[in-house]
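All remarks here apply to the structure that follows.
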Amino acid sequence: MNEEIQKKYMQMQMMQQQIQQMHKQLEQLQEQKASLRASIMSIEELQNSKEEREILTPVSQGVFVKSKVNAVKEVLVNVGEGIVVTKKTEDAIKLVQDQVDEIDKMSEDFVNKMNENLRNVSEIEGELKESMQKEEKK
């Protein structure tokens, strides 16, 4: 195999690896999005509660305590670096929805880049086949 064919083959393999990594990152984004949507639903459910109800409140991973809440009008939101602020439920929902929207934009970018890489891989495959056929005829 000549040097040009080897170079194209390695380029194609690198692009395929990038596509696989992007696919994994896209899956992680979708998991984050599902978690954020669940948060929105939870806030809305607490906000719309008309009477006192018992809920499970997470203390740590897999550890909960039973709590009683009435209609919730404010929630505490971690804004980073250990800072927690009080937000009205509507504002918290909007904040989380903005994060969902950002994930949607990032996901769209990933899909576009993946499609571009797939087109490039397909193009390189065609070039490789052509180059190898030329080599065989020599």
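Naming scheme: A, B, ... for chains in displayed order of the structure tokens; residues 1 onward per chain; ligands 1 onward as shown.
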
Could you name the residues that touch region 127-129 of chain A at 8 Å or less, counting only C-alpha atoms, but leaving out those on the same chain fewer than 5 positions away, as a PyMOL selection string?
chain A and resi 5+8-9

Mind checking which residues fall within 10 Å of Arg37 (chain A), counting only C-alpha atoms, ignoring those fewer than 3 positions away in the same chain, and posting them as a CSV table (one decimal) with N, CA and C atoms, in the first residue's frame?
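And here is the file that came out, around.csv:
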chain,number,residue,atom,x,y,z
A,31,GLU,N,-29.3,12.4,28.1
A,31,GLU,CA,-29.5,12.0,29.5
A,31,GLU,C,-29.7,13.3,30.4
A,32,GLN,N,-28.8,14.3,30.1
A,32,GLN,CA,-28.9,15.5,30.9
A,32,GLN,C,-30.3,16.2,30.6
A,33,LYS,N,-30.7,16.2,29.4
A,33,LYS,CA,-31.9,16.8,29.0
A,33,LYS,C,-33.1,16.1,29.7
A,34,ALA,N,-33.1,14.8,29.7
A,34,ALA,CA,-34.1,14.0,30.4
A,34,ALA,C,-34.2,14.4,31.9
A,40,ILE,N,-38.1,19.9,35.8
A,40,ILE,CA,-39.2,20.9,35.5
A,40,ILE,C,-40.6,20.3,35.9
A,41,MET,N,-40.8,19.0,35.6
A,41,MET,CA,-42.0,18.4,36.0
A,41,MET,C,-42.2,18.3,37.5
A,42,SER,N,-41.1,18.1,38.2
A,42,SER,CA,-41.2,18.1,39.7
A,42,SER,C,-41.5,19.4,40.3
A,43,ILE,N,-40.9,20.5,39.7
A,43,ILE,CA,-41.1,21.8,40.2
A,43,ILE,C,-42.6,22.2,40.0
A,93,ILE,N,-38.2,27.3,36.7
A,93,ILE,CA,-38.6,26.5,35.6
A,93,ILE,C,-38.0,27.1,34.3
A,96,VAL,N,-34.3,26.3,34.1
A,96,VAL,CA,-34.1,24.9,33.7
A,96,VAL,C,-34.4,24.7,32.2
A,97,GLN,N,-35.5,25.4,31.8
A,97,GLN,CA,-35.9,25.3,30.4
A,97,GLN,C,-34.9,25.9,29.4
A,99,GLN,N,-31.7,25.8,30.0
A,99,GLN,CA,-30.7,24.8,29.9
A,99,GLN,C,-31.1,23.7,28.9
A,100,VAL,N,-32.3,23.3,28.9
A,100,VAL,CA,-32.8,22.3,28.0
A,100,VAL,C,-32.6,22.8,26.6

Residues of chain A in strand (DSSP E) according to DSSP, as a PyMOL selection string?
chain A and resi 53-60+63-69+74-80+83-88

Write out, as a Markdown table, each residue of region 25-52 of chain A that has an atom at most 9 Å from region 71-84 of chain A, together with the closest pair of atoms and their distance in Å to one decimal, counting only C-alpha atoms, rows going by chain and rising number.
| residue | atom | partner | partner_atom | distance |
| --- | --- | --- | --- | --- |
| A:Ile43 | CA | A:Val72 | CA | 8.1 |
| A:Glu44 | CA | A:Val72 | CA | 9.0 |
| A:Glu45 | CA | A:Ala71 | CA | 8.8 |
| A:Leu46 | CA | A:Val72 | CA | 5.5 |
| A:Gln47 | CA | A:Val72 | CA | 4.7 |
| A:Asn48 | CA | A:Ala71 | CA | 6.1 |
| A:Ser49 | CA | A:Ala71 | CA | 4.8 |
| A:Lys50 | CA | A:Ala71 | CA | 5.8 |
| A:Glu51 | CA | A:Ala71 | CA | 6.8 |
| A:Glu52 | CA | A:Ala71 | CA | 7.4 |

Generate a file of the selected residues that holds C-alpha atoms, formatted as a JSON list (two decimals), in the first residue's frame.
[["chain", "number", "residue", "atom", "x", "y", "z"],
["A", 43, "ILE", "CA", -41.14, 21.82, 40.22],
["A", 44, "GLU", "CA", -44.48, 22.16, 38.40],
["A", 45, "GLU", "CA", -46.00, 19.36, 40.45],
["A", 46, "LEU", "CA", -44.86, 20.97, 43.71],
["A", 47, "GLN", "CA", -45.99, 24.37, 42.53],
["A", 48, "ASN", "CA", -49.49, 23.11, 41.66],
["A", 49, "SER", "CA", -50.02, 21.10, 44.84],
["A", 50, "LYS", "CA", -53.17, 22.33, 46.58],
["A", 51, "GLU", "CA", -52.79, 20.47, 49.84],
["A", 52, "GLU", "CA", -50.04, 19.21, 52.08]]

If DSSP is run on the backbone, what residues of region 17-129 of chain A are alpha helix (DSSP H)? A reply as a PyMOL selection string would be ideal.
chain A and resi 17-47+89-129

Keeping only C-alpha atoms, write the selected residues as a CSV table (one decimal), in the first residue's frame.
chain,number,residue,atom,x,y,z
A,17,GLN,CA,-13.3,7.7,16.2
A,18,GLN,CA,-14.4,11.3,16.3
A,19,ILE,CA,-17.9,10.2,15.2
A,20,GLN,CA,-18.0,7.6,17.9
A,21,GLN,CA,-17.0,10.1,20.6
A,22,MET,CA,-19.5,12.6,19.4
A,23,HIS,CA,-22.2,10.0,19.5
A,24,LYS,CA,-21.3,9.2,23.2
A,25,GLN,CA,-21.4,12.9,24.0
A,26,LEU,CA,-24.8,13.3,22.3
A,27,GLU,CA,-26.1,10.4,24.4
A,28,GLN,CA,-24.8,12.2,27.5
A,29,LEU,CA,-26.5,15.4,26.5
A,30,GLN,CA,-29.8,13.5,26.0
A,31,GLU,CA,-29.5,12.0,29.5
A,32,GLN,CA,-28.9,15.5,30.9
A,33,LYS,CA,-31.9,16.8,29.0
A,34,ALA,CA,-34.1,14.0,30.4
A,35,SER,CA,-33.0,14.8,33.9
A,36,LEU,CA,-33.7,18.5,33.4
A,37,ARG,CA,-37.2,17.8,32.0
A,38,ALA,CA,-37.8,15.6,35.1
A,39,SER,CA,-36.8,18.6,37.3
A,40,ILE,CA,-39.2,20.9,35.5
A,41,MET,CA,-42.0,18.4,36.0
A,42,SER,CA,-41.2,18.1,39.7
A,43,ILE,CA,-41.1,21.8,40.2
A,44,GLU,CA,-44.5,22.2,38.4
A,45,GLU,CA,-46.0,19.4,40.5
A,46,LEU,CA,-44.9,21.0,43.7
A,47,GLN,CA,-46.0,24.4,42.5
A,89,THR,CA,-40.8,28.5,40.9
A,90,GLU,CA,-41.7,30.2,37.5
A,91,ASP,CA,-38.2,31.6,37.3
A,92,ALA,CA,-36.6,28.3,38.2
A,93,ILE,CA,-38.6,26.5,35.6
A,94,LYS,CA,-37.5,29.1,33.0
A,95,LEU,CA,-33.9,28.7,34.1
A,96,VAL,CA,-34.1,24.9,33.7
A,97,GLN,CA,-35.9,25.3,30.4
A,98,ASP,CA,-33.1,27.6,29.1
A,99,GLN,CA,-30.7,24.8,29.9
A,100,VAL,CA,-32.8,22.3,28.0
A,101,ASP,CA,-32.8,24.7,25.0
A,102,GLU,CA,-29.1,25.0,25.2
A,103,ILE,CA,-28.7,21.3,25.2
A,104,ASP,CA,-31.0,21.2,22.1
A,105,LYS,CA,-28.7,23.6,20.3
A,106,MET,CA,-25.6,21.7,21.3
A,107,SER,CA,-27.2,18.4,20.2
A,108,GLU,CA,-28.1,20.0,16.8
A,109,ASP,CA,-24.4,21.1,16.4
A,110,PHE,CA,-23.2,17.6,17.3
A,111,VAL,CA,-25.5,16.1,14.8
A,112,ASN,CA,-24.4,18.5,12.0
A,113,LYS,CA,-20.8,17.8,12.8
A,114,MET,CA,-21.4,14.1,12.8
A,115,ASN,CA,-23.1,14.3,9.5
A,116,GLU,CA,-20.3,16.3,8.0
A,117,ASN,CA,-17.8,13.8,9.3
A,118,LEU,CA,-19.9,10.9,7.9
A,119,ARG,CA,-19.9,12.6,4.5
A,120,ASN,CA,-16.1,13.1,4.7
A,121,VAL,CA,-15.6,9.4,5.7
A,122,SER,CA,-17.8,8.3,2.7
A,123,GLU,CA,-15.8,10.6,0.4
A,124,ILE,CA,-12.5,9.2,1.7
A,125,GLU,CA,-13.8,5.6,1.3
A,126,GLY,CA,-14.5,6.4,-2.3
A,127,GLU,CA,-11.1,7.8,-2.8
A,128,LEU,CA,-9.5,4.8,-1.1
A,129,LYS,CA,-11.3,2.4,-3.4

A straight line from CA of Glu54 (chain A) to CA of Asn70 (chain A) spans 9.1 Å

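As for CA of Gly62 (chain A) and CA of Lys88 (chain A), they are spaced 27.2 Å apart.
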